[in-house]
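> query-v7.txt is reproduced in full below (compact mmCIF, N, CA and C atoms).
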```
# COMPACT_ATOMS: atom_id res chain seq x y z
N MET A 1 0.84 -1.18 0.00
CA MET A 1 0.00 0.00 0.00
C MET A 1 0.89 1.24 0.00
N ALA A 2 0.46 2.28 -0.66
CA ALA A 2 1.24 3.51 -0.77
C ALA A 2 1.26 4.25 0.56
N GLU A 3 2.38 4.85 0.83
CA GLU A 3 2.52 5.65 2.05
C GLU A 3 2.25 7.10 1.71
N PHE A 4 1.36 7.72 2.45
CA PHE A 4 1.02 9.12 2.24
C PHE A 4 1.86 9.94 3.19
N VAL A 5 2.66 10.83 2.64
CA VAL A 5 3.56 11.64 3.45
C VAL A 5 3.26 13.10 3.20
N SER A 6 3.09 13.84 4.24
CA SER A 6 2.96 15.29 4.15
C SER A 6 3.88 15.87 5.20
N ARG A 7 4.95 16.50 4.77
CA ARG A 7 5.87 17.07 5.73
C ARG A 7 6.22 18.48 5.30
N VAL A 8 6.52 19.30 6.26
CA VAL A 8 6.87 20.69 5.99
C VAL A 8 8.36 20.86 6.23
N GLU A 9 9.02 21.48 5.28
CA GLU A 9 10.44 21.77 5.43
C GLU A 9 10.64 23.24 5.13
N HIS A 10 11.57 23.85 5.83
CA HIS A 10 11.97 25.22 5.54
C HIS A 10 13.30 25.14 4.85
N LYS A 11 13.35 25.63 3.63
CA LYS A 11 14.59 25.62 2.87
C LYS A 11 14.62 26.83 1.97
N SER A 12 15.80 27.18 1.54
CA SER A 12 15.91 28.34 0.66
C SER A 12 15.29 28.01 -0.69
N ARG A 13 14.81 29.03 -1.37
CA ARG A 13 14.15 28.87 -2.65
C ARG A 13 15.13 28.58 -3.76
N ASN A 14 14.64 27.94 -4.77
CA ASN A 14 15.39 27.69 -5.98
C ASN A 14 15.61 29.03 -6.68
N GLU A 15 16.84 29.36 -7.03
CA GLU A 15 17.13 30.65 -7.66
C GLU A 15 16.43 30.81 -9.01
N ASN A 16 15.98 29.72 -9.60
CA ASN A 16 15.27 29.80 -10.88
C ASN A 16 13.88 30.41 -10.71
N HIS A 17 13.42 30.57 -9.49
CA HIS A 17 12.09 31.10 -9.23
C HIS A 17 12.19 32.28 -8.26
N PRO A 18 12.74 33.42 -8.74
CA PRO A 18 12.94 34.56 -7.84
C PRO A 18 11.65 35.20 -7.35
N ALA A 19 10.52 34.90 -7.98
CA ALA A 19 9.26 35.50 -7.54
C ALA A 19 8.81 34.94 -6.19
N LEU A 20 9.36 33.80 -5.81
CA LEU A 20 8.95 33.18 -4.55
C LEU A 20 9.64 33.87 -3.39
N GLU A 21 8.90 34.06 -2.32
CA GLU A 21 9.43 34.75 -1.15
C GLU A 21 10.33 33.84 -0.34
N GLU A 22 11.41 34.41 0.17
CA GLU A 22 12.33 33.69 1.04
C GLU A 22 11.64 33.39 2.37
N GLY A 23 11.85 32.22 2.90
CA GLY A 23 11.34 31.89 4.22
C GLY A 23 9.98 31.23 4.24
N MET A 24 9.31 31.12 3.12
CA MET A 24 8.02 30.43 3.09
C MET A 24 8.29 28.93 3.16
N ALA A 25 7.33 28.18 3.64
CA ALA A 25 7.51 26.74 3.81
C ALA A 25 7.29 26.01 2.49
N ASP A 26 8.09 24.98 2.28
CA ASP A 26 7.89 24.04 1.19
C ASP A 26 7.15 22.84 1.77
N HIS A 27 6.16 22.36 1.06
CA HIS A 27 5.39 21.20 1.51
C HIS A 27 5.60 20.08 0.50
N HIS A 28 5.67 18.85 1.00
CA HIS A 28 5.97 17.71 0.14
C HIS A 28 4.88 16.65 0.27
N LEU A 29 4.43 16.15 -0.88
CA LEU A 29 3.50 15.02 -0.91
C LEU A 29 4.15 13.89 -1.68
N ASP A 30 4.29 12.75 -1.03
CA ASP A 30 4.79 11.55 -1.69
C ASP A 30 3.57 10.68 -1.97
N LEU A 31 3.11 10.69 -3.21
CA LEU A 31 1.90 9.98 -3.60
C LEU A 31 2.20 8.77 -4.48
N LYS A 32 3.42 8.28 -4.37
CA LYS A 32 3.83 7.12 -5.18
C LYS A 32 2.95 5.92 -4.85
N GLY A 33 2.50 5.24 -5.90
CA GLY A 33 1.69 4.04 -5.73
C GLY A 33 0.19 4.30 -5.74
N LEU A 34 -0.23 5.54 -5.58
CA LEU A 34 -1.66 5.85 -5.61
C LEU A 34 -2.13 5.97 -7.05
N LYS A 35 -3.33 5.51 -7.31
CA LYS A 35 -3.91 5.54 -8.65
C LYS A 35 -4.96 6.63 -8.77
N CYS A 36 -5.22 7.03 -10.00
CA CYS A 36 -6.20 8.03 -10.35
C CYS A 36 -7.55 7.69 -9.70
N PRO A 37 -8.19 8.63 -9.08
CA PRO A 37 -7.97 10.07 -9.04
C PRO A 37 -7.26 10.56 -7.79
N LEU A 38 -6.74 9.65 -6.95
CA LEU A 38 -6.20 10.04 -5.65
C LEU A 38 -5.06 11.06 -5.71
N PRO A 39 -4.08 10.95 -6.63
CA PRO A 39 -3.03 11.98 -6.64
C PRO A 39 -3.58 13.40 -6.83
N ALA A 40 -4.52 13.56 -7.74
CA ALA A 40 -5.09 14.89 -7.98
C ALA A 40 -5.93 15.35 -6.79
N LEU A 41 -6.72 14.45 -6.22
CA LEU A 41 -7.57 14.82 -5.07
C LEU A 41 -6.73 15.24 -3.87
N ARG A 42 -5.69 14.49 -3.57
CA ARG A 42 -4.84 14.83 -2.42
C ARG A 42 -4.02 16.09 -2.68
N THR A 43 -3.62 16.29 -3.93
CA THR A 43 -2.90 17.52 -4.28
C THR A 43 -3.81 18.72 -4.08
N GLY A 44 -5.06 18.62 -4.54
CA GLY A 44 -6.02 19.71 -4.37
C GLY A 44 -6.30 20.01 -2.91
N LYS A 45 -6.45 18.97 -2.11
CA LYS A 45 -6.72 19.16 -0.68
C LYS A 45 -5.55 19.86 -0.01
N MET A 46 -4.33 19.47 -0.35
CA MET A 46 -3.15 20.09 0.25
C MET A 46 -3.00 21.54 -0.21
N LEU A 47 -3.23 21.80 -1.51
CA LEU A 47 -3.13 23.18 -2.01
C LEU A 47 -4.13 24.09 -1.30
N ALA A 48 -5.31 23.58 -1.02
CA ALA A 48 -6.33 24.39 -0.35
C ALA A 48 -5.91 24.78 1.06
N SER A 49 -5.01 24.01 1.67
CA SER A 49 -4.58 24.30 3.04
C SER A 49 -3.37 25.23 3.09
N LEU A 50 -2.77 25.53 1.94
CA LEU A 50 -1.57 26.37 1.91
C LEU A 50 -1.92 27.85 1.85
N SER A 51 -0.97 28.67 2.27
CA SER A 51 -1.10 30.12 2.15
C SER A 51 -0.53 30.53 0.80
N PRO A 52 -1.00 31.65 0.25
CA PRO A 52 -0.44 32.14 -1.01
C PRO A 52 1.07 32.31 -0.90
N GLY A 53 1.78 31.87 -1.94
CA GLY A 53 3.23 31.96 -1.98
C GLY A 53 3.92 30.69 -1.54
N GLU A 54 3.22 29.82 -0.82
CA GLU A 54 3.83 28.57 -0.40
C GLU A 54 3.91 27.62 -1.59
N VAL A 55 4.83 26.67 -1.51
CA VAL A 55 5.10 25.77 -2.62
C VAL A 55 4.85 24.33 -2.19
N LEU A 56 4.22 23.58 -3.09
CA LEU A 56 3.95 22.16 -2.88
C LEU A 56 4.76 21.35 -3.88
N HIS A 57 5.52 20.38 -3.37
CA HIS A 57 6.28 19.46 -4.20
C HIS A 57 5.53 18.12 -4.18
N VAL A 58 5.13 17.64 -5.35
CA VAL A 58 4.36 16.40 -5.45
C VAL A 58 5.16 15.39 -6.27
N THR A 59 5.29 14.19 -5.73
CA THR A 59 5.91 13.08 -6.45
C THR A 59 4.89 11.96 -6.52
N CYS A 60 4.65 11.43 -7.73
CA CYS A 60 3.68 10.36 -7.89
C CYS A 60 4.11 9.44 -9.03
N THR A 61 3.43 8.31 -9.14
CA THR A 61 3.77 7.32 -10.16
C THR A 61 2.64 7.05 -11.14
N ASP A 62 1.47 7.60 -10.92
CA ASP A 62 0.33 7.36 -11.81
C ASP A 62 0.44 8.25 -13.04
N GLY A 63 0.47 7.66 -14.21
CA GLY A 63 0.62 8.40 -15.46
C GLY A 63 -0.49 9.41 -15.72
N MET A 64 -1.69 9.14 -15.24
CA MET A 64 -2.81 10.07 -15.45
C MET A 64 -2.61 11.39 -14.71
N ALA A 65 -1.76 11.38 -13.69
CA ALA A 65 -1.50 12.61 -12.94
C ALA A 65 -0.84 13.66 -13.82
N ALA A 66 -0.17 13.23 -14.88
CA ALA A 66 0.46 14.17 -15.81
C ALA A 66 -0.59 15.05 -16.49
N ILE A 67 -1.81 14.56 -16.57
CA ILE A 67 -2.92 15.33 -17.14
C ILE A 67 -3.75 15.96 -16.03
N ASP A 68 -4.08 15.16 -15.01
CA ASP A 68 -5.01 15.60 -13.96
C ASP A 68 -4.47 16.73 -13.10
N ILE A 69 -3.21 16.64 -12.68
CA ILE A 69 -2.67 17.65 -11.76
C ILE A 69 -2.54 19.02 -12.44
N PRO A 70 -1.98 19.12 -13.65
CA PRO A 70 -1.95 20.44 -14.29
C PRO A 70 -3.35 21.04 -14.51
N HIS A 71 -4.34 20.21 -14.84
CA HIS A 71 -5.72 20.71 -14.99
C HIS A 71 -6.25 21.23 -13.66
N LEU A 72 -6.02 20.48 -12.60
CA LEU A 72 -6.45 20.90 -11.27
C LEU A 72 -5.82 22.24 -10.90
N VAL A 73 -4.51 22.35 -11.13
CA VAL A 73 -3.78 23.57 -10.78
C VAL A 73 -4.34 24.77 -11.58
N ALA A 74 -4.59 24.58 -12.86
CA ALA A 74 -5.13 25.66 -13.69
C ALA A 74 -6.53 26.07 -13.22
N GLN A 75 -7.37 25.10 -12.88
CA GLN A 75 -8.73 25.40 -12.41
C GLN A 75 -8.72 26.18 -11.11
N ARG A 76 -7.75 25.88 -10.25
CA ARG A 76 -7.65 26.55 -8.96
C ARG A 76 -7.03 27.95 -9.08
N GLY A 77 -6.34 28.22 -10.18
CA GLY A 77 -5.67 29.50 -10.33
C GLY A 77 -4.26 29.51 -9.76
N ASP A 78 -3.74 28.34 -9.43
CA ASP A 78 -2.36 28.22 -8.95
C ASP A 78 -1.46 28.01 -10.16
N ARG A 79 -0.16 27.79 -9.96
CA ARG A 79 0.70 27.58 -11.13
C ARG A 79 1.75 26.51 -10.88
N VAL A 80 2.01 25.76 -11.95
CA VAL A 80 3.05 24.75 -11.93
C VAL A 80 4.37 25.46 -12.26
N LEU A 81 5.32 25.40 -11.33
CA LEU A 81 6.62 26.03 -11.53
C LEU A 81 7.58 25.09 -12.24
N GLU A 82 7.50 23.80 -11.90
CA GLU A 82 8.35 22.80 -12.53
C GLU A 82 7.57 21.51 -12.71
N TYR A 83 7.91 20.79 -13.77
CA TYR A 83 7.32 19.47 -14.02
C TYR A 83 8.42 18.59 -14.57
N GLU A 84 8.49 17.37 -14.07
CA GLU A 84 9.49 16.41 -14.55
C GLU A 84 8.80 15.06 -14.70
N ALA A 85 8.99 14.45 -15.86
CA ALA A 85 8.50 13.10 -16.09
C ALA A 85 9.72 12.19 -16.18
N ALA A 86 10.05 11.54 -15.09
CA ALA A 86 11.19 10.62 -15.04
C ALA A 86 10.70 9.22 -15.39
N LYS A 87 11.62 8.31 -15.50
CA LYS A 87 11.28 6.94 -15.87
C LYS A 87 10.33 6.28 -14.86
N ASP A 88 10.53 6.57 -13.58
CA ASP A 88 9.75 5.88 -12.55
C ASP A 88 8.84 6.77 -11.72
N HIS A 89 8.77 8.06 -12.05
CA HIS A 89 7.89 8.95 -11.28
C HIS A 89 7.63 10.25 -12.03
N LEU A 90 6.62 10.98 -11.55
CA LEU A 90 6.33 12.33 -12.01
C LEU A 90 6.59 13.27 -10.85
N TYR A 91 7.07 14.47 -11.15
CA TYR A 91 7.35 15.46 -10.12
C TYR A 91 6.75 16.80 -10.54
N PHE A 92 6.06 17.44 -9.61
CA PHE A 92 5.47 18.76 -9.83
C PHE A 92 5.91 19.67 -8.70
N MET A 93 6.28 20.91 -9.04
CA MET A 93 6.46 21.96 -8.05
C MET A 93 5.38 22.99 -8.34
N ILE A 94 4.49 23.21 -7.37
CA ILE A 94 3.30 24.02 -7.57
C ILE A 94 3.30 25.18 -6.57
N GLU A 95 3.07 26.39 -7.07
CA GLU A 95 2.96 27.54 -6.19
C GLU A 95 1.50 27.86 -5.93
N ARG A 96 1.15 28.04 -4.67
CA ARG A 96 -0.19 28.45 -4.28
C ARG A 96 -0.31 29.95 -4.55
N MET A 97 -1.26 30.32 -5.37
CA MET A 97 -1.45 31.71 -5.75
C MET A 97 -2.55 32.34 -4.88
N PRO A 98 -2.55 33.67 -4.77
CA PRO A 98 -3.61 34.33 -4.01
C PRO A 98 -4.97 34.15 -4.70
N VAL A 99 -6.00 34.10 -3.90
CA VAL A 99 -7.36 34.03 -4.43
C VAL A 99 -7.77 35.44 -4.83
N ILE A 100 -8.20 35.58 -6.06
CA ILE A 100 -8.62 36.90 -6.55
C ILE A 100 -10.14 36.92 -6.60
N GLU A 101 -10.71 37.78 -5.77
CA GLU A 101 -12.16 37.90 -5.69
C GLU A 101 -12.66 38.75 -6.84
N PRO A 102 -13.73 38.35 -7.53
CA PRO A 102 -14.30 39.19 -8.58
C PRO A 102 -14.88 40.45 -7.98
N PRO A 103 -14.84 41.56 -8.71
CA PRO A 103 -15.39 42.81 -8.18
C PRO A 103 -16.90 42.69 -7.98
N LEU A 104 -17.40 43.35 -6.95
CA LEU A 104 -18.84 43.35 -6.68
C LEU A 104 -19.54 44.30 -7.63
N GLU A 105 -20.68 43.85 -8.13
CA GLU A 105 -21.46 44.72 -9.02
C GLU A 105 -22.29 45.67 -8.17
N GLU A 106 -22.38 46.89 -8.62
CA GLU A 106 -23.16 47.88 -7.85
C GLU A 106 -24.54 48.02 -8.38
```
Show me this structure written as structure tokens.


Amino acid sequence: MAEFVSRVEHKSRNENHPALEEGMADHHLDLKGLKCPLPALRTGKMLASLSPGEVLHVTCTDGMAAIDIPHLVAQRGDRVLEYEAAKDHLYFMIERMPVIEPPLEE
């Protein structure tokens, strides 16, 4: 059975992403072994718990996540900073974006 891991680490940001604030927490999800739709569902649940500017690192093995997770991220208004499709896993680095409220009609 797959082990679900959610841990918080404080580490310096990748210099390739200067828009990210220094000192924010990086969150990690190890979703290896989980099958569709669980990687996308757990990614969405974790993103909803993050503050804007925080980063989620997701590692999974389900091939459908290559489609599902980017769609989920786009629907939520967050952004994928990095994506890697390795031989034995998929990796996503996702930034939680601020929620933009639509203007109220008068």

> Just to confirm, what's the straight-line distance from atom C of Asp78 of chain A to atom CA of Asp30 of chain A in Å (one decimal)?

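About the pair atom C of Asp78 of chain A and atom CA of Asp30 of chain A: they are 19.5 Å apart.
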
> For the atom pair atom C of His57 of chain A and atom CA of Pro102 of chain A, what is the interatomic distance in Å to one decimal place?

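The value is 29.3 Å.
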
> When distances are computed from all atoms listed in the file, which of A:Arg76, A:His28, A:Arg42, A:Lys35 shows the smallest separation from Gly63 of chain A?

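Result for the nearest residue to Gly63 of chain A: A:Lys35.
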
> Quick one, how far is atom CA of Val99 of chain A from atom CA of Pro52 of chain A?

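According to the coordinates, atom CA of Val99 of chain A and atom CA of Pro52 of chain A are separated by 7.9 Å.
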
> Nearest to Ala40 of chain A: which of A:Glu105, A:Glu95, A:Glu84, A:Asp68 is it, counting only N, CA and C atoms?

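Checking each of A:Glu105, A:Glu95, A:Glu84, A:Asp68 against Ala40 of chain A, counting only N, CA and C atoms, the winner is A:Asp68.
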
> Give me, as a short mmCIF file (atom, residue, chain, number, x, y, z; two decimals) with N, CA and C atoms, in the coordinates of the input, all polymer residues having an atom no more than 6 Å from Gly53 of chain A, counting all atoms listed in the file and skipping those fewer than 4 positions away in the same chain.


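Wrote part18.cif, looks like this:
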```
data_model
loop_
_atom_site.label_atom_id
_atom_site.label_comp_id
_atom_site.auth_asym_id
_atom_site.auth_seq_id
_atom_site.Cartn_x
_atom_site.Cartn_y
_atom_site.Cartn_z
N GLU A 95 3.07 26.39 -7.07
CA GLU A 95 2.96 27.54 -6.19
C GLU A 95 1.50 27.86 -5.93
N ARG A 96 1.15 28.04 -4.67
CA ARG A 96 -0.19 28.45 -4.28
C ARG A 96 -0.31 29.95 -4.55
N MET A 97 -1.26 30.32 -5.37
CA MET A 97 -1.45 31.71 -5.75
C MET A 97 -2.55 32.34 -4.88
N PRO A 98 -2.55 33.67 -4.77
CA PRO A 98 -3.61 34.33 -4.01
C PRO A 98 -4.97 34.15 -4.70
#
```

> Out of A:Val58, A:Leu47, A:Leu41, A:Val80, which residue has the shortest atom-to-atom distance to Ile94 of chain A when counting only C-alpha atoms?

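Looking only at the distances to Ile94 of chain A, the closest residue turns out to be A:Val80.
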
> Please enclose the listed atoms of segment 88-103 of chain A in an axis-aligned box, pad each side by 8 Å, and write out the centre and the three edge lengths in Å, rounded to one decimal, as JSON.


```
{"center_x": -3.2, "center_y": 24.3, "center_z": -8.7, "size_x": 43.4, "size_y": 52.9, "size_z": 25.7}
```

> Every residue with an atom at most 12 Å from (1.2, 18.4, -4.5) (file coordinates; only C-alpha atoms) is what I'm after, so could you write them as a short mmCIF file (atom, residue, chain, number, x, y, z; two decimals) with N, CA and C atoms, keeping the file's coordinate frame?


```
data_model
loop_
_atom_site.label_atom_id
_atom_site.label_comp_id
_atom_site.auth_asym_id
_atom_site.auth_seq_id
_atom_site.Cartn_x
_atom_site.Cartn_y
_atom_site.Cartn_z
N PHE A 4 1.36 7.72 2.45
CA PHE A 4 1.02 9.12 2.24
C PHE A 4 1.86 9.94 3.19
N VAL A 5 2.66 10.83 2.64
CA VAL A 5 3.56 11.64 3.45
C VAL A 5 3.26 13.10 3.20
N SER A 6 3.09 13.84 4.24
CA SER A 6 2.96 15.29 4.15
C SER A 6 3.88 15.87 5.20
N ARG A 7 4.95 16.50 4.77
CA ARG A 7 5.87 17.07 5.73
C ARG A 7 6.22 18.48 5.30
N ASP A 26 8.09 24.98 2.28
CA ASP A 26 7.89 24.04 1.19
C ASP A 26 7.15 22.84 1.77
N HIS A 27 6.16 22.36 1.06
CA HIS A 27 5.39 21.20 1.51
C HIS A 27 5.60 20.08 0.50
N HIS A 28 5.67 18.85 1.00
CA HIS A 28 5.97 17.71 0.14
C HIS A 28 4.88 16.65 0.27
N LEU A 29 4.43 16.15 -0.88
CA LEU A 29 3.50 15.02 -0.91
C LEU A 29 4.15 13.89 -1.68
N ASP A 30 4.29 12.75 -1.03
CA ASP A 30 4.79 11.55 -1.69
C ASP A 30 3.57 10.68 -1.97
N LEU A 31 3.11 10.69 -3.21
CA LEU A 31 1.90 9.98 -3.60
C LEU A 31 2.20 8.77 -4.48
N LYS A 32 3.42 8.28 -4.37
CA LYS A 32 3.83 7.12 -5.18
C LYS A 32 2.95 5.92 -4.85
N LEU A 38 -6.74 9.65 -6.95
CA LEU A 38 -6.20 10.04 -5.65
C LEU A 38 -5.06 11.06 -5.71
N PRO A 39 -4.08 10.95 -6.63
CA PRO A 39 -3.03 11.98 -6.64
C PRO A 39 -3.58 13.40 -6.83
N ALA A 40 -4.52 13.56 -7.74
CA ALA A 40 -5.09 14.89 -7.98
C ALA A 40 -5.93 15.35 -6.79
N LEU A 41 -6.72 14.45 -6.22
CA LEU A 41 -7.57 14.82 -5.07
C LEU A 41 -6.73 15.24 -3.87
N ARG A 42 -5.69 14.49 -3.57
CA ARG A 42 -4.84 14.83 -2.42
C ARG A 42 -4.02 16.09 -2.68
N THR A 43 -3.62 16.29 -3.93
CA THR A 43 -2.90 17.52 -4.28
C THR A 43 -3.81 18.72 -4.08
N GLY A 44 -5.06 18.62 -4.54
CA GLY A 44 -6.02 19.71 -4.37
C GLY A 44 -6.30 20.01 -2.91
N LYS A 45 -6.45 18.97 -2.11
CA LYS A 45 -6.72 19.16 -0.68
C LYS A 45 -5.55 19.86 -0.01
N MET A 46 -4.33 19.47 -0.35
CA MET A 46 -3.15 20.09 0.25
C MET A 46 -3.00 21.54 -0.21
N LEU A 47 -3.23 21.80 -1.51
CA LEU A 47 -3.13 23.18 -2.01
C LEU A 47 -4.13 24.09 -1.30
N ALA A 48 -5.31 23.58 -1.02
CA ALA A 48 -6.33 24.39 -0.35
C ALA A 48 -5.91 24.78 1.06
N SER A 49 -5.01 24.01 1.67
CA SER A 49 -4.58 24.30 3.04
C SER A 49 -3.37 25.23 3.09
N LEU A 50 -2.77 25.53 1.94
CA LEU A 50 -1.57 26.37 1.91
C LEU A 50 -1.92 27.85 1.85
N GLU A 54 3.22 29.82 -0.82
CA GLU A 54 3.83 28.57 -0.40
C GLU A 54 3.91 27.62 -1.59
N VAL A 55 4.83 26.67 -1.51
CA VAL A 55 5.10 25.77 -2.62
C VAL A 55 4.85 24.33 -2.19
N LEU A 56 4.22 23.58 -3.09
CA LEU A 56 3.95 22.16 -2.88
C LEU A 56 4.76 21.35 -3.88
N HIS A 57 5.52 20.38 -3.37
CA HIS A 57 6.28 19.46 -4.20
C HIS A 57 5.53 18.12 -4.18
N VAL A 58 5.13 17.64 -5.35
CA VAL A 58 4.36 16.40 -5.45
C VAL A 58 5.16 15.39 -6.27
N THR A 59 5.29 14.19 -5.73
CA THR A 59 5.91 13.08 -6.45
C THR A 59 4.89 11.96 -6.52
N CYS A 60 4.65 11.43 -7.73
CA CYS A 60 3.68 10.36 -7.89
C CYS A 60 4.11 9.44 -9.03
N ALA A 65 -1.76 11.38 -13.69
CA ALA A 65 -1.50 12.61 -12.94
C ALA A 65 -0.84 13.66 -13.82
N ASP A 68 -4.08 15.16 -15.01
CA ASP A 68 -5.01 15.60 -13.96
C ASP A 68 -4.47 16.73 -13.10
N ILE A 69 -3.21 16.64 -12.68
CA ILE A 69 -2.67 17.65 -11.76
C ILE A 69 -2.54 19.02 -12.44
N PRO A 70 -1.98 19.12 -13.65
CA PRO A 70 -1.95 20.44 -14.29
C PRO A 70 -3.35 21.04 -14.51
N LEU A 72 -6.02 20.48 -12.60
CA LEU A 72 -6.45 20.90 -11.27
C LEU A 72 -5.82 22.24 -10.90
N VAL A 73 -4.51 22.35 -11.13
CA VAL A 73 -3.78 23.57 -10.78
C VAL A 73 -4.34 24.77 -11.58
N ASP A 78 -3.74 28.34 -9.43
CA ASP A 78 -2.36 28.22 -8.95
C ASP A 78 -1.46 28.01 -10.16
N ARG A 79 -0.16 27.79 -9.96
CA ARG A 79 0.70 27.58 -11.13
C ARG A 79 1.75 26.51 -10.88
N VAL A 80 2.01 25.76 -11.95
CA VAL A 80 3.05 24.75 -11.93
C VAL A 80 4.37 25.46 -12.26
N LEU A 81 5.32 25.40 -11.33
CA LEU A 81 6.62 26.03 -11.53
C LEU A 81 7.58 25.09 -12.24
N GLU A 82 7.50 23.80 -11.90
CA GLU A 82 8.35 22.80 -12.53
C GLU A 82 7.57 21.51 -12.71
N TYR A 83 7.91 20.79 -13.77
CA TYR A 83 7.32 19.47 -14.02
C TYR A 83 8.42 18.59 -14.57
N LEU A 90 6.62 10.98 -11.55
CA LEU A 90 6.33 12.33 -12.01
C LEU A 90 6.59 13.27 -10.85
N TYR A 91 7.07 14.47 -11.15
CA TYR A 91 7.35 15.46 -10.12
C TYR A 91 6.75 16.80 -10.54
N PHE A 92 6.06 17.44 -9.61
CA PHE A 92 5.47 18.76 -9.83
C PHE A 92 5.91 19.67 -8.70
N MET A 93 6.28 20.91 -9.04
CA MET A 93 6.46 21.96 -8.05
C MET A 93 5.38 22.99 -8.34
N ILE A 94 4.49 23.21 -7.37
CA ILE A 94 3.30 24.02 -7.57
C ILE A 94 3.30 25.18 -6.57
N GLU A 95 3.07 26.39 -7.07
CA GLU A 95 2.96 27.54 -6.19
C GLU A 95 1.50 27.86 -5.93
N ARG A 96 1.15 28.04 -4.67
CA ARG A 96 -0.19 28.45 -4.28
C ARG A 96 -0.31 29.95 -4.55
#
```
